[in-house]
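Visitor: Dropping in input_24.txt, with compact mmCIF, C-alpha atoms and all ligand atoms.
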# COMPACT_ATOMS: atom_id res chain seq x y z
CA MET A 1 122.71 91.75 93.60
CA HIS A 2 125.14 93.24 96.15
CA THR A 3 126.23 89.75 97.17
CA ALA A 4 127.48 89.13 93.61
CA PHE A 5 130.25 91.73 94.08
CA PRO A 6 131.73 91.01 97.50
CA GLY A 7 134.26 93.60 98.61
CA LEU A 8 133.89 95.67 95.44
CA LEU A 9 130.85 97.82 96.19
CA ALA A 10 130.40 100.27 99.04
CA GLY A 11 128.73 98.47 101.89
CA ASN A 12 125.03 98.83 102.52
CA VAL A 13 123.09 98.37 105.70
CA PHE A 14 119.76 96.70 105.14
CA ALA A 15 116.79 97.37 107.41
CA PRO A 16 114.23 94.63 107.99
CA ARG A 17 111.31 94.54 105.60
CA PRO A 18 108.38 96.71 106.78
CA PRO A 19 105.16 94.88 107.70
CA ALA A 20 102.81 93.93 104.86
CA ALA A 21 100.09 96.54 104.36
CA ALA A 22 97.33 93.94 104.47
CA ALA A 23 98.34 92.61 107.89
CA ALA A 24 100.00 95.66 109.50
CA THR A 25 98.89 96.95 112.88
CA SER A 26 100.10 100.02 114.76
CA GLU A 27 102.19 97.62 116.91
CA THR A 28 104.01 96.10 113.91
CA VAL A 29 104.58 99.54 112.40
CA GLN A 30 105.98 100.76 115.76
CA ALA A 31 108.18 97.67 116.05
CA GLY A 32 109.54 98.34 112.54
CA ALA A 33 110.13 101.99 113.46
CA ALA A 34 112.05 100.99 116.59
CA SER A 35 114.25 98.57 114.69
CA LEU A 36 114.96 101.17 111.99
CA ALA A 37 115.85 103.73 114.65
CA ASP A 38 118.22 101.20 116.30
CA ILE A 39 119.95 100.50 112.98
CA ALA A 40 120.32 104.21 112.23
CA ASP A 41 121.71 104.80 115.74
CA ALA A 42 124.21 101.99 115.36
CA HIS A 43 125.42 103.07 111.91
CA SER A 44 124.86 106.83 111.97
CA ARG A 45 128.57 107.58 111.41
CA GLU A 46 128.75 105.42 108.27
CA LEU A 47 125.41 106.26 106.66
CA ALA A 48 124.83 109.02 104.10
CA ALA A 49 121.29 108.27 103.04
CA MET A 50 118.39 105.88 103.19
CA ILE A 51 116.82 104.65 99.97
CA VAL A 52 113.48 102.88 99.62
CA GLU A 53 110.81 102.11 97.10
CA PRO A 54 107.90 103.94 98.76
CA ILE A 55 104.91 101.83 99.83
CA LEU A 56 105.63 99.06 97.31
CA GLN A 57 108.86 97.08 97.17
CA GLY A 58 109.03 95.76 93.61
CA ALA A 59 111.92 93.35 93.17
CA GLY A 60 111.52 92.42 96.83
CA GLY A 61 108.36 90.42 96.06
CA MET A 62 105.87 93.19 95.20
CA HIS A 63 105.58 93.85 98.92
CA ALA A 64 103.11 96.63 99.78
CA TYR A 65 103.66 98.26 103.16
CA PRO A 66 101.87 101.01 105.15
CA ALA A 67 102.44 104.66 104.20
CA GLU A 68 103.14 105.48 107.88
CA CYS A 69 106.51 103.75 107.41
CA LEU A 70 107.53 106.62 105.11
CA THR A 71 106.83 109.10 107.90
CA VAL A 72 109.04 107.03 110.19
CA LEU A 73 111.81 107.04 107.59
CA ARG A 74 111.60 110.83 107.28
CA GLN A 75 111.82 111.24 111.05
CA VAL A 76 114.81 108.90 111.36
CA ALA A 77 116.57 110.55 108.40
CA ASP A 78 116.05 114.00 109.91
CA ARG A 79 117.23 112.89 113.33
CA HIS A 80 120.53 111.59 111.91
CA GLY A 81 121.07 114.12 109.11
CA LEU A 82 120.62 111.46 106.42
CA LEU A 83 119.24 112.07 102.96
CA LEU A 84 115.99 110.28 102.21
CA ILE A 85 115.83 108.89 98.69
CA PHE A 86 112.64 107.51 97.19
CA ASP A 87 112.98 105.24 94.19
CA GLU A 88 109.69 106.01 92.41
CA ILE A 89 110.74 104.26 89.22
CA ALA A 90 107.98 101.69 89.58
CA THR A 91 105.56 103.65 91.76
CA GLY A 92 105.69 107.12 90.19
CA PHE A 93 103.27 108.89 87.86
CA GLY A 94 100.07 107.58 89.37
CA ARG A 95 100.83 103.87 89.50
CA THR A 96 99.77 103.48 93.15
CA GLY A 97 96.81 105.89 93.03
CA GLU A 98 98.65 109.11 93.94
CA LEU A 99 100.84 110.94 91.44
CA PHE A 100 103.84 109.83 93.50
CA ALA A 101 103.75 107.17 96.21
CA ALA A 102 105.35 109.63 98.65
CA GLU A 103 102.06 111.51 98.66
CA HIS A 104 100.27 108.65 100.42
CA ALA A 105 102.15 109.78 103.53
CA GLY A 106 102.59 113.46 102.69
CA VAL A 107 106.33 112.90 102.98
CA VAL A 108 108.84 114.84 100.87
CA PRO A 109 112.07 112.98 100.08
CA ASP A 110 115.37 114.78 99.43
CA ILE A 111 115.93 112.87 96.21
CA MET A 112 113.45 111.10 93.99
CA CYS A 113 114.40 108.75 91.15
CA VAL A 114 111.96 108.43 88.28
CA SER A 115 112.14 106.39 85.10
CA LYS A 116 109.88 104.02 83.15
CA PRO A 117 106.77 106.24 82.65
CA THR A 118 108.98 109.35 82.48
CA GLY A 119 109.75 108.46 78.90
CA GLY A 120 106.49 106.66 78.20
CA TYR A 121 108.50 103.46 78.72
CA LEU A 122 111.28 104.51 76.33
CA THR A 123 114.61 104.90 78.09
CA LEU A 124 114.57 108.16 80.02
CA ALA A 125 115.29 108.54 83.70
CA ALA A 126 115.64 111.54 85.99
CA MET A 127 116.90 112.31 89.45
CA LEU A 128 114.83 115.02 91.13
CA CYS A 129 116.22 116.69 94.19
CA THR A 130 115.95 119.67 96.48
CA ARG A 131 117.62 122.95 95.53
CA GLU A 132 120.13 122.45 98.31
CA ILE A 133 121.32 119.12 96.91
CA SER A 134 121.29 120.40 93.36
CA ALA A 135 123.40 123.41 94.39
CA THR A 136 125.83 121.20 96.29
CA VAL A 137 126.30 118.88 93.32
CA SER A 138 126.54 121.74 90.81
CA ASN A 139 129.04 123.68 92.89
CA GLY A 140 131.11 120.60 93.67
CA ARG A 141 134.33 119.45 92.07
CA ALA A 142 133.90 119.22 88.30
CA GLY A 143 132.87 115.74 87.31
CA ALA A 144 131.95 114.69 90.83
CA LEU A 145 128.80 112.96 89.64
CA LEU A 146 129.60 112.91 85.96
CA HIS A 147 128.12 109.94 84.17
CA GLY A 148 127.03 110.10 80.56
CA PRO A 149 124.88 107.15 79.58
CA THR A 150 124.67 106.41 75.84
CA PHE A 151 121.00 107.25 75.57
CA MET A 152 120.95 110.20 77.98
CA GLY A 153 118.38 112.81 76.99
CA ASN A 154 117.91 111.32 73.53
CA PRO A 155 115.43 113.33 71.45
CA PRO A 156 112.93 110.55 70.58
CA ALA A 157 112.64 109.54 74.26
CA CYS A 158 112.23 113.21 75.26
CA ALA A 159 109.50 113.66 72.65
CA VAL A 160 107.68 110.55 73.91
CA ALA A 161 108.18 111.77 77.49
CA ASN A 162 106.59 115.10 76.64
CA ALA A 163 103.60 113.32 75.11
CA SER A 164 103.33 110.88 78.02
CA LEU A 165 103.64 113.59 80.67
CA GLY A 166 101.09 115.63 78.69
CA ILE A 167 98.59 112.77 79.05
CA ILE A 168 99.26 112.65 82.78
CA ASP A 169 99.00 116.44 82.98
CA GLY A 170 95.61 116.16 81.26
CA GLY A 171 94.37 114.93 84.61
CA ARG A 172 92.53 111.75 83.69
CA TRP A 173 95.16 109.46 85.20
CA ARG A 174 93.45 109.33 88.59
CA ALA A 175 90.20 108.01 87.11
CA ASP A 176 92.18 105.69 84.82
CA VAL A 177 94.16 104.23 87.72
CA ALA A 178 90.94 103.73 89.70
CA GLN A 179 89.37 101.99 86.71
CA ILE A 180 92.42 99.80 86.09
CA GLY A 181 92.56 99.02 89.81
CA ALA A 182 88.89 97.97 89.87
CA CYS A 183 89.48 95.74 86.81
CA LEU A 184 92.47 94.17 88.52
CA VAL A 185 90.53 93.50 91.72
CA SER A 186 87.66 91.76 89.92
CA GLY A 187 89.76 90.25 87.12
CA LEU A 188 92.39 88.71 89.36
CA ALA A 189 90.09 87.50 92.15
CA PRO A 190 89.35 84.12 90.43
CA ALA A 191 93.09 83.39 90.45
CA LEU A 192 92.81 82.81 94.21
CA ASP A 193 90.97 79.56 93.44
CA LEU A 194 93.95 78.18 91.52
CA GLY A 195 96.03 75.69 93.44
CA ALA A 196 99.34 77.27 92.46
CA VAL A 197 98.33 80.69 93.82
CA ARG A 198 99.31 81.74 97.33
CA ASP A 199 97.94 85.31 97.33
CA VAL A 200 96.36 87.95 95.10
CA ARG A 201 96.71 91.63 95.95
CA THR A 202 96.39 94.97 94.22
CA ILE A 203 97.56 98.49 94.91
CA GLY A 204 96.46 101.26 92.56
CA ALA A 205 97.14 100.02 89.03
CA VAL A 206 99.39 97.18 90.16
CA GLY A 207 98.08 93.65 90.43
CA VAL A 208 100.09 90.90 92.07
CA ILE A 209 99.54 87.17 91.81
CA GLU A 210 101.86 85.43 94.22
CA LEU A 211 102.51 81.76 93.58
CA HIS A 212 103.72 79.04 95.90
CA ASP A 213 106.60 78.25 93.50
CA ALA A 214 108.86 80.26 91.20
CA VAL A 215 107.08 81.88 88.27
CA ASP A 216 107.33 80.24 84.82
CA VAL A 217 108.32 83.49 83.07
CA THR A 218 107.64 82.34 79.51
CA ALA A 219 104.18 81.00 80.31
CA VAL A 220 103.19 84.08 82.35
CA THR A 221 104.48 86.57 79.79
CA THR A 222 102.77 84.73 76.92
CA ALA A 223 99.46 84.62 78.82
CA ALA A 224 99.75 88.31 79.80
CA ILE A 225 100.39 89.38 76.22
CA ARG A 226 97.49 87.21 75.01
CA HIS A 227 95.24 89.04 77.46
CA GLY A 228 96.52 92.47 76.34
CA SER A 229 98.50 93.32 79.46
CA GLY A 230 102.10 93.93 80.39
CA SER A 231 103.48 91.77 83.16
CA GLY A 232 106.53 91.80 85.34
CA ARG A 233 107.89 89.03 87.49
CA SER A 234 109.73 88.84 90.74
CA GLY A 235 110.54 85.52 92.39
CA THR A 236 107.16 83.95 93.08
CA SER A 237 105.15 87.04 92.03
CA SER A 238 103.69 87.86 88.67
CA THR A 239 102.69 91.51 88.36
CA PRO A 240 100.19 92.60 85.75
CA CYS A 241 100.87 96.35 85.32
CA PRO A 242 98.76 97.89 82.54
CA ARG A 243 100.16 101.22 81.38
CA THR A 244 98.47 104.11 83.16
CA SER A 245 99.00 106.45 80.19
CA ALA A 246 97.70 103.94 77.65
CA PRO A 247 94.32 104.11 75.92
CA ARG A 248 91.62 102.92 78.30
CA ARG A 249 90.95 99.48 76.92
CA MET A 250 91.80 96.46 78.91
CA SER A 251 90.93 92.80 78.95
CA THR A 252 88.70 91.79 81.83
CA ARG A 253 88.87 88.09 81.04
CA SER A 254 89.77 85.91 83.99
CA PRO A 255 93.22 84.38 84.19
CA ARG A 256 93.18 80.71 83.27
CA ALA A 257 96.72 79.61 84.04
C1 LIG B 1 111.98 100.19 91.50
C2 LIG B 1 113.04 100.16 90.42
N1 LIG B 1 114.18 100.84 90.61
C3 LIG B 1 115.13 100.89 89.65
C4 LIG B 1 114.97 100.20 88.46
C5 LIG B 1 116.02 100.35 87.41
O1 LIG B 1 115.56 101.34 86.55
P1 LIG B 1 116.39 101.83 85.27
O2 LIG B 1 116.39 100.67 84.33
O3 LIG B 1 115.64 102.99 84.73
O4 LIG B 1 117.75 102.16 85.75
C6 LIG B 1 113.83 99.45 88.24
C7 LIG B 1 113.67 98.69 87.00
O5 LIG B 1 112.86 97.81 86.86
C8 LIG B 1 112.82 99.44 89.25
O6 LIG B 1 111.66 98.78 89.07
Rewrite the coordinates I just gave you, this time as C-alpha cells.
Ligand SMILES: Cc1ncc(COP(=O)(O)O)c(C=O)c1O
Guide:
Amino acid sequence: MHTAFPGLLAGNVFAPRPPAAAAATSETVQAGAASLADIADAHSRELAAMIVEPILQGAGGMHAYPAECLTVLRQVADRHGLLLIFDEIATGFGRTGELFAAEHAGVVPDIMCVSKPTGGYLTLAAMLCTREISATVSNGRAGALLHGPTFMGNPPACAVANASLGIIDGGRWRADVAQIGACLVSGLAPALDLGAVRDVRTIGAVGVIELHDAVDVTAVTTAAIRHGSGSGRSGTSSTPCPRTSAPRRMSTRSPRA
C-alpha cells in the first residue's frame, strides 16, 4: 500500500518477516532479533515507534510467528525509547486463544489498536494506550490527533459492542475458541490432499488454507458461506475465521474445492 503513494506518506522502515512459527528454532528467532536490533540501531534517530500484528501477520499471508519475537520487540523498543504498538484488530478478543495475542508472550505494548470484534463486527474501533501516552495526547496542542470519522462512536455499534463484549466477559470464549480451533484442525486437514493446496495451518480460531496460486475470491467466499463460515483472503491464503462470539454451531463438513 505504501508504494502506491511514493513521496506522499511518511517513510517507514520495514523489518524482515519473523520466522514462521511452525519451522522456527531458537537460532532463527535469535537471527531475527539481531537483524531487528541492527535496523533499530541504524534508524534510531528517525523512528518513533514499532508497529506489528502480534503473532499473526494477517494481510502479510496469514503468517504465524513465535511469541518470543514480541519479547524481542519490547526489548528493542525499550532500548531505543520507541513506542511499541500492537495491531490486535484481527488477533484481539480471543481469536488466537488468549484474550489478546500479546498475552502469549506476556508483553505489554504502549498502544493497542482494536476493531472488528470490538463492535461485534459493526464499525467500531478503539486505540488503547498507557496513561502516559493518553496524558501526553490530551495535554497536547488542541487538535493534535483530531480526526472525526463519520461513524465514530455511533450508538447502534456501541450497543452491539456492549452485547459482544458482554458475551466475551461471560467467560466462555476460551472454550469456544478451543472448540472452533479443534473443528478447524480436523475440518481443514483433508484440504491438504487437494492439488491446489500448499499448506494448511491453524492458530486459535483462525484457519488458513494456503494455495499455490492466487485465491479465486468469488469461489472461496461462496463456498465459505455455503458451509456457514466467514472467510477472508490474502494473496494465496484463504482464512476461515468463524466468529468467536457467535452461537456455537459450525459446519464440520470437509472442504471440497
Ligand atoms: C490487522 C488489521 N489491521 C487493521 C485493519 C483495518 O481495520 P479498520 O477497518 O478497523 O480500520 C484490518 C482490517 O482488516 C486488519 O485486519
Visitor: Can you tell me which residues surround Gly120 in chain A at a distance of at most 8 Å, considering all atoms listed in the file, apart from same-chain residues fewer than 6 positions away, and format the answer as an MDAnalysis selection string?
Guide: chainID A and resid 157 160:161 163:165 245
Visitor: Edge lengths and centre in Å to one decimal, as JSON, is what I'm after for the box along x, y and z that holds all listed atoms of ligand LIG 1 (chain B) once 3 Å is added on each side.
Guide:
{"center_x": 114.7, "center_y": 100.4, "center_z": 87.9, "size_x": 12.1, "size_y": 11.2, "size_z": 13.2}
Visitor: Could the residues that lie within 6 Å of ligand LIG 1 (chain B), counting only C-alpha atoms and all ligand atoms, be listed as a list in words?
Guide: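 Residues lying within 6 Å of ligand LIG 1 (chain B): Gly58, Asp87, Ile89, Ala90, Ser115 and Ala125 of chain A.
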Visitor: Counting all atoms listed in the file, figure out which residue out of A:Tyr121, A:Trp173, A:Tyr65, A:Phe86 gets nearest to Ile203 in chain A.
Guide: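 Comparing A:Tyr121, A:Trp173, A:Tyr65, A:Phe86 against Ile203 in chain A, the winner is A:Tyr65.
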Visitor: Point out the residue among A:Gly143, A:Gly92, A:Gly81, A:Gly171 with the least atom-to-atom distance to Val206 in chain A, counting all atoms listed in the file.
Guide: A:Gly92
Visitor: In Å, how far is it from CA of Ala59 in chain A to CA of Ala224 in chain A?
Guide: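 Spanning CA of Ala59 in chain A to CA of Ala224 in chain A is a straight-line distance of 18.8 Å.
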Visitor: May I ask which of the residues A:Leu192, A:Ala182, A:Ala105, A:Met112 is the closest one to Val52 in chain A, counting all atoms listed in the file?
Guide: A:Met112
Visitor: Using all atoms listed in the file for the distances, tell me which of A:Asp169, A:Asp78, A:Asp176, A:Glu103 is nearest to Ala40 in chain A.
Guide: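 So, comparing all the options, the nearest one is A:Asp78.
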Visitor: Set out as a tab-separated table a contact list for range 46-127 of chain A and range 209-217 of chain A with a cut-off of 12 Å, giving each residue of range 46-127 of chain A that qualifies its closest atom pair and distance in Å to one decimal, counting all atoms listed in the file, ordered by chain and rising residue number.
Guide:
residue	atom	partner	partner_atom	distance
A:Gly61	CA	A:Glu210	CA	8.4
A:Met62	CA	A:Glu210	CA	8.8
A:His63	CA	A:Glu210	CA	10.3
Visitor: Determine the nearest neighbour of Pro54 in chain A from the options A:Val72, A:Leu124, A:Val137, A:Ala37, counting only C-alpha atoms.
Guide: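 Going through A:Val72, A:Leu124, A:Val137, A:Ala37 one by one, the smallest distance to Pro54 in chain A is for A:Val72.
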